[in-house]
Amino acid sequence: MKTQRHTLRALALLLGYPDAEARALMPQLADAMDAEAALSPARRKELRALARALVSVDPIEAETQFVELFDRGRSTSLHLFEHVHGDSRERGPAMIDLVQTYEKSGLLLGPHEAPDHLCVLLEFASTQPAAVARAFLGEMAHILASIFSALRKRESAYASVLAAVIELAGHKAEAVAVADDQPIDESWAEPIVFDGCSTQGQARPGAAQPIHIVRKAAAPAPSGAPV
């Protein structure tokens with residue numbers, strides 16, 4: 001089996017936040033993937049095009065598009081347990097199990113690194129023998145297929161990165177049905193019981209705020225008191 005260590009690390013960096021440091025590495029990433037040749041020439045061509053685009057586009061635009069794509073859409077979230085457990089209490093134990101898997105292999109996470117983030121998973125896989133990395137990624141192929149499909153539905157060039165990961169996991173990158181994303185602002189909206197306290201129930205700055213006056217019922221007179 002071909003070595004894929006550098007390719008996995010390159011894919012992790014391609015999926016990382018495209019700040020100035022990451023964009024400076026883009027030409028080297030493409031060269032490393034070509035040298036290792038773990039992916040098909042056609043896939044590597046797509047990835048090189050993405051790397052080139054991240055360098056050539058306005059930096060603020062690249063970062064804004066990244067946030068809109070991966071941080072404001074649940075179907076494209078790179079936190080894999082978001083797709084499996086959501087916000088349920090099962091997510092915590094699953095995180096702990098994953099951290100223990102990393103630690104057994106000598107990988108210690110930083111305080112701000114989420115163990116279920118795809119970039120972290122790819123970094124871990126890059127430290128393993130090729131067969132072990134392939135099996136590890138294969139366990140999450142169905143989640144990767146869902147993210148790939150959501151990205152392709154949005155016509156995002158990042159879909160090529162997910163397709164590459166799926167192929168390194170030993171599967172074929174094929175689209176599956178994905179539901180439309182609910183806007184994250186709506187999904188985090190307050191329930192209707194708090195509607196009067198939300199921004200929806202408040203007036204705009206400088207506008208009149210309606211006041212509702214409720215008349216209190218008169219207290220009953222004490223026994224024997226004059227009426």
# chains A, B, ... in the order shown; residues from 1 in each chain; ligands from 1
>>> select_by_dssp(residues="range 18-87 of chain A", states="helix (DSSP H, G or I)", output="ChimeraX atom specification")
/A:20-36,41-56,59-71,80-84
>>> closest_residue(among="A:His112, A:Lys153, A:His142, A:Arg52", to="Met26 in chain A", atoms="only C-alpha atoms")
A:Arg52
>>> atom_distance(atom1="CA of Leu13 in chain A", atom2="CA of Pro129 in chain A")
19.8 Å
>>> closest_residue(among="A:Val161, A:Val99, A:Arg154, A:Val176", to="Leu69 in chain A", atoms="only C-alpha atoms")
A:Arg154
>>> atom_distance(atom1="CA of Ala94 in chain A", atom2="CA of Phe81 in chain A")
8.0 Å
>>> closest_residue(among="A:Ala163, A:Ala32, A:Ala157, A:Ala169", to="Ala53 in chain A", atoms="only C-alpha atoms")
A:Ala157
>>> residues_around(residues="range 136-138 of chain A", least_positions_apart="2", cutoff="10 Å", atoms="only C-alpha atoms", output="list of chain:residue names")
A:Leu118, A:Leu121, A:Leu122, A:Phe124, A:Ala125, A:Gln128, A:Ala130, A:Ala131, A:Val132, A:Ala133, A:Arg134, A:Met140, A:Ala141, A:His142, A:Ile143, A:Leu144, A:Val165, A:Ile166, A:Glu167, A:Leu168, A:Ala169, A:Gly170, A:His171
>>> closest_residue(among="A:Glu82, A:Glu36, A:Asp19, A:Glu113", to="Glu63 in chain A", atoms="only C-alpha atoms")
A:Asp19
>>> atom_distance(atom1="CA of Arg48 in chain A", atom2="CA of Asp34 in chain A")
9.3 Å
